[in-house]
$ cat query.pdb   # PDB, C-alpha atoms
ATOM      1  CA  MET A   1     -77.622  -7.342   8.973
ATOM      2  CA  ARG A   2     -77.174  -9.148   5.642
ATOM      3  CA  ASP A   3     -79.152  -6.563   3.642
ATOM      4  CA  ILE A   4     -77.288  -4.018   1.515
ATOM      5  CA  SER A   5     -78.926  -1.017  -0.152
ATOM      6  CA  ILE A   6     -77.786   0.318  -3.503
ATOM      7  CA  HIS A   7     -76.635   3.970  -3.525
ATOM      8  CA  GLN A   8     -75.824   6.230  -6.432
ATOM      9  CA  LEU A   9     -72.087   6.156  -7.125
ATOM     10  CA  THR A  10     -70.222   9.256  -5.898
ATOM     11  CA  HIS A  11     -66.555  10.186  -5.978
ATOM     12  CA  ALA A  12     -66.530  10.693  -2.194
ATOM     13  CA  ASP A  13     -67.894   7.233  -1.425
ATOM     14  CA  PHE A  14     -65.870   5.421  -4.086
ATOM     15  CA  ALA A  15     -62.504   7.147  -3.566
ATOM     16  CA  PRO A  16     -61.029   4.468  -1.228
ATOM     17  CA  PHE A  17     -61.790   1.751  -3.777
ATOM     18  CA  GLY A  18     -61.082   3.218  -7.192
ATOM     19  CA  ASP A  19     -61.867   5.798  -9.860
ATOM     20  CA  ILE A  20     -65.162   6.771 -11.427
ATOM     21  CA  ILE A  21     -64.484   7.180 -15.152
ATOM     22  CA  THR A  22     -66.931   9.931 -16.042
ATOM     23  CA  LEU A  23     -67.105  13.234 -17.889
ATOM     24  CA  LYS A  24     -65.852  16.213 -15.902
ATOM     25  CA  GLY A  25     -67.911  19.409 -15.778
ATOM     26  CA  THR A  26     -65.714  20.819 -18.527
ATOM     27  CA  PRO A  27     -63.251  18.893 -20.694
ATOM     28  CA  ASP A  28     -59.509  19.263 -20.138
ATOM     29  CA  LYS A  29     -59.049  20.115 -23.795
ATOM     30  CA  LEU A  30     -61.122  20.702 -26.912
ATOM     31  CA  ILE A  31     -59.696  18.825 -29.906
ATOM     32  CA  ASN A  32     -60.679  18.095 -33.510
ATOM     33  CA  GLN A  33     -61.635  21.679 -34.390
ATOM     34  CA  ASP A  34     -63.437  21.997 -31.059
ATOM     35  CA  LEU A  35     -65.887  19.215 -31.959
ATOM     36  CA  CYS A  36     -64.567  16.816 -29.292
ATOM     37  CA  GLY A  37     -63.861  17.260 -25.605
ATOM     38  CA  ARG A  38     -60.997  15.256 -24.123
ATOM     39  CA  HIS A  39     -61.552  14.371 -20.449
ATOM     40  CA  HIS A  40     -58.024  13.349 -19.689
ATOM     41  CA  ASP A  41     -56.411  10.484 -17.769
ATOM     42  CA  LEU A  42     -59.266   9.430 -15.510
ATOM     43  CA  ALA A  43     -57.937   6.174 -14.046
ATOM     44  CA  ASN A  44     -55.024   5.336 -11.753
ATOM     45  CA  MET A  45     -53.959   2.056 -13.251
ATOM     46  CA  TYR A  46     -51.361  -0.525 -12.231
ATOM     47  CA  PHE A  47     -50.291  -3.621 -14.112
ATOM     48  CA  GLY A  48     -48.099  -5.452 -11.621
ATOM     49  CA  PRO A  49     -44.410  -6.325 -11.557
ATOM     50  CA  ASN A  50     -44.490  -8.477 -14.689
ATOM     51  CA  GLY A  51     -47.704  -7.451 -16.408
ATOM     52  CA  LYS A  52     -48.742  -5.139 -19.197
ATOM     53  CA  ALA A  53     -51.878  -3.173 -20.008
ATOM     54  CA  GLY A  54     -54.486  -4.961 -22.092
ATOM     55  CA  ILE A  55     -57.996  -4.442 -23.411
ATOM     56  CA  SER A  56     -60.384  -7.390 -23.195
ATOM     57  CA  LEU A  57     -64.134  -7.639 -23.648
ATOM     58  CA  PHE A  58     -66.372  -9.113 -20.950
ATOM     59  CA  ASP A  59     -69.759 -10.394 -22.094
ATOM     60  CA  ALA A  60     -71.819 -10.970 -18.947
ATOM     61  CA  GLU A  61     -75.327 -12.179 -18.231
ATOM     62  CA  PRO A  62     -77.508  -9.391 -16.837
ATOM     63  CA  ARG A  63     -78.516  -9.918 -13.195
ATOM     64  CA  SER A  64     -81.751  -8.977 -11.489
ATOM     65  CA  LEU A  65     -82.495  -7.361  -8.134
ATOM     66  CA  PRO A  66     -82.464  -8.317  -5.360
ATOM     67  CA  TYR A  67     -78.995  -9.707  -6.075
ATOM     68  CA  VAL A  68     -77.583 -12.422  -3.850
ATOM     69  CA  LEU A  69     -73.925 -11.688  -3.126
ATOM     70  CA  GLU A  70     -72.023 -14.852  -2.242
ATOM     71  CA  LEU A  71     -68.588 -14.151  -3.687
ATOM     72  CA  MET A  72     -66.081 -11.330  -3.747
ATOM     73  CA  GLU A  73     -62.679 -11.235  -5.405
ATOM     74  CA  ARG A  74     -59.542  -9.123  -5.638
ATOM     75  CA  HIS A  75     -56.537  -8.901  -7.914
ATOM     76  CA  PRO A  76     -53.146  -8.612  -6.178
ATOM     77  CA  GLU A  77     -51.228  -7.722  -9.334
ATOM     78  CA  GLY A  78     -53.258  -5.021 -10.990
ATOM     79  CA  SER A  79     -56.118  -2.572 -11.259
ATOM     80  CA  GLN A  80     -59.191  -3.401 -13.340
ATOM     81  CA  ALA A  81     -61.299  -0.888 -15.260
ATOM     82  CA  PHE A  82     -64.818  -1.634 -16.541
ATOM     83  CA  LEU A  83     -66.143   0.494 -19.395
ATOM     84  CA  PRO A  84     -69.749  -0.250 -20.372
ATOM     85  CA  MET A  85     -70.342  -0.401 -24.137
ATOM     86  CA  THR A  86     -73.907   0.720 -23.571
ATOM     87  CA  GLN A  87     -75.517   3.693 -21.845
ATOM     88  CA  ASN A  88     -77.023   1.459 -19.162
ATOM     89  CA  PRO A  89     -76.183   1.781 -15.463
ATOM     90  CA  PHE A  90     -74.633  -1.226 -13.764
ATOM     91  CA  LEU A  91     -74.157  -2.481 -10.232
ATOM     92  CA  VAL A  92     -70.779  -2.022  -8.515
ATOM     93  CA  ILE A  93     -70.017  -3.810  -5.236
ATOM     94  CA  VAL A  94     -66.876  -3.235  -3.161
ATOM     95  CA  ALA A  95     -65.764  -3.968   0.396
ATOM     96  CA  PRO A  96     -63.029  -2.733   2.712
ATOM     97  CA  ASP A  97     -60.416  -5.294   3.644
ATOM     98  CA  ASN A  98     -60.761  -6.733   7.121
ATOM     99  CA  ASP A  99     -57.620  -8.706   7.999
ATOM    100  CA  GLY A 100     -57.461 -10.384   4.613
ATOM    101  CA  VAL A 101     -61.168 -10.938   4.070
ATOM    102  CA  PRO A 102     -63.885  -8.581   2.822
ATOM    103  CA  GLY A 103     -65.653  -6.424   5.424
ATOM    104  CA  LYS A 104     -69.263  -5.332   4.977
ATOM    105  CA  PRO A 105     -69.882  -4.688   1.268
ATOM    106  CA  LEU A 106     -71.116  -1.430  -0.254
ATOM    107  CA  ALA A 107     -73.274  -1.389  -3.390
ATOM    108  CA  PHE A 108     -73.452   1.401  -5.958
ATOM    109  CA  ARG A 109     -75.412   2.098  -9.116
ATOM    110  CA  THR A 110     -73.503   3.934 -11.874
ATOM    111  CA  ALA A 111     -75.042   6.703 -13.941
ATOM    112  CA  PRO A 112     -75.367   6.153 -17.724
ATOM    113  CA  GLY A 113     -72.024   6.710 -19.442
ATOM    114  CA  GLN A 114     -69.894   6.005 -16.383
ATOM    115  CA  GLY A 115     -67.170   3.400 -16.047
ATOM    116  CA  ILE A 116     -65.158   2.488 -12.981
ATOM    117  CA  ASN A 117     -61.613   1.388 -12.174
ATOM    118  CA  PHE A 118     -60.961  -0.839  -9.173
ATOM    119  CA  TYR A 119     -57.569  -0.233  -7.590
ATOM    120  CA  CYS A 120     -55.213  -3.162  -7.171
ATOM    121  CA  ASN A 121     -56.215  -5.560  -4.368
ATOM    122  CA  ILE A 122     -59.622  -3.989  -3.674
ATOM    123  CA  TRP A 123     -62.336  -6.509  -2.823
ATOM    124  CA  HIS A 124     -65.148  -6.312  -5.397
ATOM    125  CA  GLY A 125     -68.109  -8.271  -6.653
ATOM    126  CA  VAL A 126     -68.065  -9.932 -10.040
ATOM    127  CA  LEU A 127     -69.307  -7.925 -13.022
ATOM    128  CA  THR A 128     -73.051  -7.344 -12.552
ATOM    129  CA  PRO A 129     -74.794  -5.639 -15.449
ATOM    130  CA  LEU A 130     -78.499  -5.036 -14.890
ATOM    131  CA  PHE A 131     -79.502  -4.786 -18.562
ATOM    132  CA  ALA A 132     -78.660  -6.613 -21.806
ATOM    133  CA  PRO A 133     -76.251  -6.569 -23.497
ATOM    134  CA  GLY A 134     -73.823  -6.921 -20.586
ATOM    135  CA  LEU A 135     -70.890  -5.905 -22.763
ATOM    136  CA  PHE A 136     -67.894  -4.147 -21.204
ATOM    137  CA  ALA A 137     -64.402  -3.228 -22.313
ATOM    138  CA  VAL A 138     -62.001  -4.132 -19.520
ATOM    139  CA  VAL A 139     -58.544  -2.616 -19.105
ATOM    140  CA  ASP A 140     -56.508  -4.788 -16.799
ATOM    141  CA  ARG A 141     -53.235  -6.595 -16.299
ATOM    142  CA  ILE A 142     -52.199  -9.120 -18.920
ATOM    143  CA  GLY A 143     -49.720 -11.598 -17.455
ATOM    144  CA  THR A 144     -49.076 -15.183 -16.531
ATOM    145  CA  SER A 145     -48.828 -15.101 -12.725
ATOM    146  CA  THR A 146     -51.835 -15.725 -10.481
ATOM    147  CA  ASN A 147     -53.859 -12.551 -10.118
ATOM    148  CA  LEU A 148     -57.080 -13.690  -8.450
ATOM    149  CA  GLU A 149     -58.128 -14.193  -4.855
ATOM    150  CA  GLU A 150     -61.720 -15.235  -4.139
ATOM    151  CA  TYR A 151     -63.738 -15.125  -0.930
ATOM    152  CA  TRP A 152     -67.043 -16.930  -0.461
ATOM    153  CA  PHE A 153     -69.268 -15.642   2.342
ATOM    154  CA  GLU A 154     -70.612 -18.248   4.768
ATOM    155  CA  LYS A 155     -73.964 -16.473   4.583
ATOM    156  CA  PRO A 156     -74.722 -14.465   1.447
ATOM    157  CA  PHE A 157     -75.735 -10.799   1.451
ATOM    158  CA  THR A 158     -78.873  -9.534  -0.297
ATOM    159  CA  VAL A 159     -78.389  -6.395  -2.413
ATOM    160  CA  SER A 160     -81.497  -4.429  -3.287
ATOM    161  CA  GLY A 161     -82.591  -0.991  -4.422
ATOM    162  CA  ASP A 162     -83.841   1.029  -7.345
ATOM    163  CA  LEU A 163     -82.388   0.678 -10.807
ATOM    164  CA  LYS A 164     -82.662   4.417 -11.476
TER     165      LYS A 164
ATOM    166  CA  MET B   1     -61.194  10.408 -57.459
ATOM    167  CA  ARG B   2     -61.972  12.300 -54.238
ATOM    168  CA  ASP B   3     -64.940  10.065 -53.355
ATOM    169  CA  ILE B   4     -64.551   7.367 -50.719
ATOM    170  CA  SER B   5     -67.127   4.656 -50.019
ATOM    171  CA  ILE B   6     -67.731   3.275 -46.558
ATOM    172  CA  HIS B   7     -67.206  -0.480 -46.139
ATOM    173  CA  GLN B   8     -68.042  -2.757 -43.233
ATOM    174  CA  LEU B   9     -64.993  -3.150 -40.999
ATOM    175  CA  THR B  10     -63.211  -6.509 -41.391
ATOM    176  CA  HIS B  11     -60.094  -7.925 -39.768
ATOM    177  CA  ALA B  12     -58.500  -8.530 -43.171
ATOM    178  CA  ASP B  13     -58.928  -4.943 -44.344
ATOM    179  CA  PHE B  14     -58.038  -3.339 -41.029
ATOM    180  CA  ALA B  15     -55.031  -5.515 -40.095
ATOM    181  CA  PRO B  16     -52.361  -3.136 -41.462
ATOM    182  CA  PHE B  17     -53.769  -0.265 -39.425
ATOM    183  CA  GLY B  18     -54.827  -1.700 -36.088
ATOM    184  CA  ASP B  19     -57.015  -4.066 -34.114
ATOM    185  CA  ILE B  20     -60.765  -4.548 -34.141
ATOM    186  CA  ILE B  21     -61.831  -4.932 -30.508
ATOM    187  CA  THR B  22     -64.757  -7.294 -30.855
ATOM    188  CA  LEU B  23     -66.167 -10.490 -29.375
ATOM    189  CA  LYS B  24     -64.594 -13.679 -30.706
ATOM    190  CA  GLY B  25     -66.780 -16.561 -31.807
ATOM    191  CA  THR B  26     -66.208 -18.172 -28.424
ATOM    192  CA  PRO B  27     -64.693 -16.539 -25.345
ATOM    193  CA  ASP B  28     -61.161 -17.411 -24.234
ATOM    194  CA  LYS B  29     -62.455 -18.200 -20.774
ATOM    195  CA  LEU B  30     -65.726 -18.408 -18.864
ATOM    196  CA  ILE B  31     -65.494 -16.641 -15.504
ATOM    197  CA  ASN B  32     -67.821 -15.703 -12.655
ATOM    198  CA  GLN B  33     -69.535 -19.082 -12.375
ATOM    199  CA  ASP B  34     -69.756 -19.267 -16.175
ATOM    200  CA  LEU B  35     -71.958 -16.158 -16.348
ATOM    201  CA  CYS B  36     -69.310 -14.036 -18.105
ATOM    202  CA  GLY B  37     -67.142 -14.663 -21.142
ATOM    203  CA  ARG B  38     -63.676 -13.117 -21.172
ATOM    204  CA  HIS B  39     -62.472 -12.284 -24.694
ATOM    205  CA  HIS B  40     -58.849 -11.762 -23.814
ATOM    206  CA  ASP B  41     -56.199  -9.207 -24.764
ATOM    207  CA  LEU B  42     -57.632  -7.845 -28.004
ATOM    208  CA  ALA B  43     -55.362  -4.848 -28.653
ATOM    209  CA  ASN B  44     -51.668  -4.479 -29.420
ATOM    210  CA  MET B  45     -50.925  -1.325 -27.515
ATOM    211  CA  TYR B  46     -47.818   0.854 -27.240
ATOM    212  CA  PHE B  47     -47.283   3.833 -24.977
ATOM    213  CA  GLY B  48     -44.004   5.288 -26.226
ATOM    214  CA  PRO B  49     -40.563   5.640 -24.658
ATOM    215  CA  ASN B  50     -41.704   7.889 -21.795
ATOM    216  CA  GLY B  51     -45.454   7.350 -21.685
ATOM    217  CA  LYS B  52     -47.899   5.289 -19.693
ATOM    218  CA  ALA B  53     -51.309   3.783 -20.377
ATOM    219  CA  GLY B  54     -54.293   5.969 -19.557
ATOM    220  CA  ILE B  55     -58.045   5.967 -19.915
ATOM    221  CA  SER B  56     -59.695   9.211 -21.051
ATOM    222  CA  LEU B  57     -63.202   9.969 -22.262
ATOM    223  CA  PHE B  58     -63.840  11.655 -25.607
ATOM    224  CA  ASP B  59     -67.180  13.404 -25.998
ATOM    225  CA  ALA B  60     -67.578  14.144 -29.709
ATOM    226  CA  GLU B  61     -70.254  15.795 -31.826
ATOM    227  CA  PRO B  62     -71.948  13.277 -34.114
ATOM    228  CA  ARG B  63     -71.212  13.819 -37.823
ATOM    229  CA  SER B  64     -73.488  13.258 -40.780
ATOM    230  CA  LEU B  65     -72.912  11.661 -44.161
ATOM    231  CA  PRO B  66     -71.550  12.522 -46.629
ATOM    232  CA  TYR B  67     -68.587  13.465 -44.444
ATOM    233  CA  VAL B  68     -65.997  15.897 -45.758
ATOM    234  CA  LEU B  69     -62.520  14.639 -44.852
ATOM    235  CA  GLU B  70     -60.013  17.493 -44.744
ATOM    236  CA  LEU B  71     -57.676  16.401 -41.964
ATOM    237  CA  MET B  72     -55.838  13.267 -40.914
ATOM    238  CA  GLU B  73     -53.541  12.768 -37.953
ATOM    239  CA  ARG B  74     -51.120  10.273 -36.449
ATOM    240  CA  HIS B  75     -49.442   9.716 -33.110
ATOM    241  CA  PRO B  76     -45.713   8.912 -33.218
ATOM    242  CA  GLU B  77     -45.482   7.878 -29.572
ATOM    243  CA  GLY B  78     -48.390   5.535 -29.039
ATOM    244  CA  SER B  79     -51.372   3.499 -30.103
ATOM    245  CA  GLN B  80     -54.905   4.796 -29.528
ATOM    246  CA  ALA B  81     -57.949   2.637 -28.790
ATOM    247  CA  PHE B  82     -61.540   3.888 -29.140
ATOM    248  CA  LEU B  83     -64.244   2.042 -27.204
ATOM    249  CA  PRO B  84     -67.788   3.294 -27.849
ATOM    250  CA  MET B  85     -69.903   3.638 -24.704
ATOM    251  CA  THR B  86     -73.007   2.985 -26.798
ATOM    252  CA  GLN B  87     -74.101   0.203 -29.140
ATOM    253  CA  ASN B  88     -73.973   2.531 -32.150
ATOM    254  CA  PRO B  89     -71.672   1.992 -35.116
ATOM    255  CA  PHE B  90     -69.145   4.724 -35.890
ATOM    256  CA  LEU B  91     -67.039   5.784 -38.832
ATOM    257  CA  VAL B  92     -63.341   4.822 -38.939
ATOM    258  CA  ILE B  93     -61.006   6.393 -41.504
ATOM    259  CA  VAL B  94     -57.382   5.337 -42.035
ATOM    260  CA  ALA B  95     -54.753   5.788 -44.732
ATOM    261  CA  PRO B  96     -51.468   4.143 -45.668
ATOM    262  CA  ASP B  97     -48.386   6.310 -45.304
ATOM    263  CA  ASN B  98     -47.004   7.663 -48.557
ATOM    264  CA  ASP B  99     -43.564   9.176 -47.919
ATOM    265  CA  GLY B 100     -44.649  10.933 -44.760
ATOM    266  CA  VAL B 101     -48.123  11.980 -45.841
ATOM    267  CA  PRO B 102     -51.406  10.047 -45.970
ATOM    268  CA  GLY B 103     -52.155   8.084 -49.144
ATOM    269  CA  LYS B 104     -55.701   7.492 -50.324
ATOM    270  CA  PRO B 105     -57.952   7.039 -47.283
ATOM    271  CA  LEU B 106     -60.150   4.034 -46.535
ATOM    272  CA  ALA B 107     -63.444   4.369 -44.656
ATOM    273  CA  PHE B 108     -65.085   1.698 -42.494
ATOM    274  CA  ARG B 109     -68.279   1.376 -40.514
ATOM    275  CA  THR B 110     -68.014  -0.602 -37.265
ATOM    276  CA  ALA B 111     -70.656  -3.084 -36.133
ATOM    277  CA  PRO B 112     -72.502  -2.381 -32.872
ATOM    278  CA  GLY B 113     -70.332  -3.333 -29.888
ATOM    279  CA  GLN B 114     -67.021  -3.008 -31.709
ATOM    280  CA  GLY B 115     -64.105  -0.795 -30.751
ATOM    281  CA  ILE B 116     -60.857  -0.252 -32.619
ATOM    282  CA  ASN B 117     -57.198   0.330 -31.772
ATOM    283  CA  PHE B 118     -55.021   2.353 -34.133
ATOM    284  CA  TYR B 119     -51.394   1.258 -34.107
ATOM    285  CA  CYS B 120     -48.713   3.829 -33.388
ATOM    286  CA  ASN B 121     -48.070   6.250 -36.277
ATOM    287  CA  ILE B 122     -51.030   5.133 -38.406
ATOM    288  CA  TRP B 123     -52.754   7.974 -40.271
ATOM    289  CA  HIS B 124     -56.389   8.235 -39.184
ATOM    290  CA  GLY B 125     -59.307  10.609 -39.277
ATOM    291  CA  VAL B 126     -60.514  12.345 -36.133
ATOM    292  CA  LEU B 127     -63.180  10.619 -34.060
ATOM    293  CA  THR B 128     -66.393  10.528 -36.095
ATOM    294  CA  PRO B 129     -69.444   9.159 -34.304
ATOM    295  CA  LEU B 130     -72.574   9.029 -36.426
ATOM    296  CA  PHE B 131     -75.090   9.030 -33.565
ATOM    297  CA  ALA B 132     -75.504  10.823 -30.233
ATOM    298  CA  PRO B 133     -74.099  10.519 -27.653
ATOM    299  CA  GLY B 134     -70.630  10.452 -29.218
ATOM    300  CA  LEU B 135     -69.082   9.113 -26.028
ATOM    301  CA  PHE B 136     -65.970   6.927 -26.192
ATOM    302  CA  ALA B 137     -63.454   5.592 -23.702
ATOM    303  CA  VAL B 138     -59.978   6.084 -25.163
ATOM    304  CA  VAL B 139     -56.928   4.101 -24.087
ATOM    305  CA  ASP B 140     -53.819   5.917 -25.215
ATOM    306  CA  ARG B 141     -50.448   7.245 -24.185
ATOM    307  CA  ILE B 142     -50.320   9.689 -21.308
ATOM    308  CA  GLY B 143     -47.162  11.763 -21.483
ATOM    309  CA  THR B 144     -45.686  15.212 -21.932
ATOM    310  CA  SER B 145     -43.832  14.965 -25.245
ATOM    311  CA  THR B 146     -45.448  15.913 -28.553
ATOM    312  CA  ASN B 147     -47.534  13.049 -29.861
ATOM    313  CA  LEU B 148     -49.533  14.549 -32.716
ATOM    314  CA  GLU B 149     -48.843  15.067 -36.394
ATOM    315  CA  GLU B 150     -51.597  16.558 -38.557
ATOM    316  CA  TYR B 151     -52.031  16.624 -42.321
ATOM    317  CA  TRP B 152     -54.546  18.837 -44.129
ATOM    318  CA  PHE B 153     -55.486  17.762 -47.651
ATOM    319  CA  GLU B 154     -55.283  20.460 -50.327
ATOM    320  CA  LYS B 155     -58.588  19.160 -51.668
ATOM    321  CA  PRO B 156     -60.884  17.357 -49.236
ATOM    322  CA  PHE B 157     -62.287  13.870 -49.774
ATOM    323  CA  THR B 158     -66.001  13.093 -49.606
ATOM    324  CA  VAL B 159     -66.903   9.980 -47.574
ATOM    325  CA  SER B 160     -70.320   8.475 -48.202
ATOM    326  CA  GLY B 161     -72.242   5.253 -47.757
ATOM    327  CA  ASP B 162     -74.882   3.507 -45.724
ATOM    328  CA  LEU B 163     -75.029   3.740 -41.973
ATOM    329  CA  LYS B 164     -76.063   0.088 -41.636
TER     330      LYS B 164
END

$ encode --input "query.pdb" --output "structure tokens"
Amino acid sequence: MRDISIHQLTHADFAPFGDIITLKGTPDKLINQDLCGRHHDLANMYFGPNGKAGISLFDAEPRSLPYVLELMERHPEGSQAFLPMTQNPFLVIVAPDNDGVPGKPLAFRTAPGQGINFYCNIWHGVLTPLFAPGLFAVVDRIGTSTNLEEYWFEKPFTVSGDLK
Amino acid sequence: MRDISIHQLTHADFAPFGDIITLKGTPDKLINQDLCGRHHDLANMYFGPNGKAGISLFDAEPRSLPYVLELMERHPEGSQAFLPMTQNPFLVIVAPDNDGVPGKPLAFRTAPGQGINFYCNIWHGVLTPLFAPGLFAVVDRIGTSTNLEEYWFEKPFTVSGDLK
């Protein structure tokens, strides 16, 4: 009941929670004398009533599996995109909302070269790289109002699966 | 006269042209039970009078040195941030404006884990990774109006230097 298996990230499974930021089969446009493919506008972002878009860097400790999931969080005033600055997969955990608290979580493993964007107010786990360096560019709301809600599970979940 | 040497990217040299998106000495905030450092709001972005922020992926062919610089470009309606999705350095070329055309270009090599943000209307070279995969997340203006000005040099420049 408290065990969660990691699945490969797919657009179908992730669609209710956010965007997968990944190369399309073919680029929208070839630029720079056809030496660069532009895969255009891959994230539905929101920065709240009084916020603006910002780029920050998150430098996180790599985690190991099985991962004990005690905490989820959500951001009521903006989306949050995570762009790995490595080619390593990372662990993405989300949950449907269940009357203001997270329902049963889902766990996904990204493919190398994929980022993700959590929609505003989607319950998600904290950033969980699986390899060093755990360096990510984050595009999210910059603002002064409170933009964090946390939920601690009474009993933690255990997340396990293959890394590749 | 037409030879340009590559220098290591520094905040002092790059300040007139844009931001270096890089870890600070210490993070602005420790989050996620102190397992993640947030290095906050590192880019001064602009998305034009009718644009919005977007995330795209650029998939570019790696270039080799010496690099022949024939073309520069600028974007009158927005800034443009390049975030490498690898730990490889890349080549960054900018130029001051000289009555509407690029002056003598400057060439920089990033450190691993660094991104950059070109300010609006700054002359810059096209994306020039030096290693495969040449995969970058790009945060720039999404919009329908023209946002590209190109300049072809009558005689190209030759950019050379060490990769590391």

$ residues_around --input "query.pdb" --residues "range 133-140 of chain A" --least-positions-apart "6" --cutoff "8 Å" --atoms "only C-alpha atoms" --output "ChimeraX atom specification"
/A:47,53-62,78-86 /B:83,113

$ write_last_selection --input "query.pdb" --atoms "C-alpha atoms" --output "compact mmCIF listing (two decimals), keeping the file's coordinate frame"
# COMPACT_ATOMS: atom_id res chain seq x y z
CA PHE A 47 -50.29 -3.62 -14.11
CA ALA A 53 -51.88 -3.17 -20.01
CA GLY A 54 -54.49 -4.96 -22.09
CA ILE A 55 -58.00 -4.44 -23.41
CA SER A 56 -60.38 -7.39 -23.20
CA LEU A 57 -64.13 -7.64 -23.65
CA PHE A 58 -66.37 -9.11 -20.95
CA ASP A 59 -69.76 -10.39 -22.09
CA ALA A 60 -71.82 -10.97 -18.95
CA GLU A 61 -75.33 -12.18 -18.23
CA PRO A 62 -77.51 -9.39 -16.84
CA GLY A 78 -53.26 -5.02 -10.99
CA SER A 79 -56.12 -2.57 -11.26
CA GLN A 80 -59.19 -3.40 -13.34
CA ALA A 81 -61.30 -0.89 -15.26
CA PHE A 82 -64.82 -1.63 -16.54
CA LEU A 83 -66.14 0.49 -19.40
CA PRO A 84 -69.75 -0.25 -20.37
CA MET A 85 -70.34 -0.40 -24.14
CA THR A 86 -73.91 0.72 -23.57
CA LEU B 83 -64.24 2.04 -27.20
CA GLY B 113 -70.33 -3.33 -29.89

$ atom_distance --input "query.pdb" --atom1 "CA of Ala15 in chain B" --atom2 "CA of Met72 in chain B"
18.8 Å

$ resolve_selection --input "query.pdb" --expression "the PyMOL selection byres ((chain A and resi 66) around 7)" --output "list in words"
Ser64, Leu65, Tyr67, Val68, Thr158, Val159 and Ser160 of chain A

$ closest_atom_pairs --input "query.pdb" --of "range 38-120 of chain A" --to "range 145-151 of chain A" --cutoff "9 Å" --atoms "all atoms listed in the file" --output "CSV"
residue,atom,partner,partner_atom,distance
A:Asn50,CA,A:Ser145,CA,8.2
A:Gly51,CA,A:Ser145,CA,8.6
A:Glu70,CA,A:Tyr151,CA,8.4
A:Leu71,CA,A:Tyr151,CA,5.7
A:Met72,CA,A:Tyr151,CA,5.3
A:Glu73,CA,A:Glu150,CA,4.3
A:Arg74,CA,A:Glu149,CA,5.3
A:His75,CA,A:Leu148,CA,4.8
A:Pro76,CA,A:Asn147,CA,5.6
A:Glu77,CA,A:Asn147,CA,5.6
A:Gly78,CA,A:Asn147,CA,7.6
A:Val101,CA,A:Tyr151,CA,7.0
A:Pro102,CA,A:Tyr151,CA,7.5

$ resolve_selection --input "query.pdb" --expression "the PyMOL selection byres ((chain A and resi 106) around 9)" --output "list in words"
Ile4, Ser5, Ile6, His7, Val92, Ile93, Val94, Ala95, Pro96, Lys104, Pro105, Ala107 and Phe108 of chain A

$ atom_distance --input "query.pdb" --atom1 "CA of Gln87 in chain A" --atom2 "CA of Gln114 in chain B"
14.6 Å

$ resolve_selection --input "query.pdb" --expression "the PyMOL selection byres ((chain A and resi 130) around 7)" --output "ChimeraX atom specification"
/A:62-64,90-91,128-129,131

$ closest_residue --input "query.pdb" --among "B:Gly37, B:Leu30, B:Gly125, B:Ala12" --to "chain A" --atoms "only C-alpha atoms"
B:Gly37

$ closest_residue --input "query.pdb" --among "B:Lys52, B:Arg38, B:Arg141, B:Arg109" --to "chain A" --atoms "all atoms listed in the file"
B:Arg38
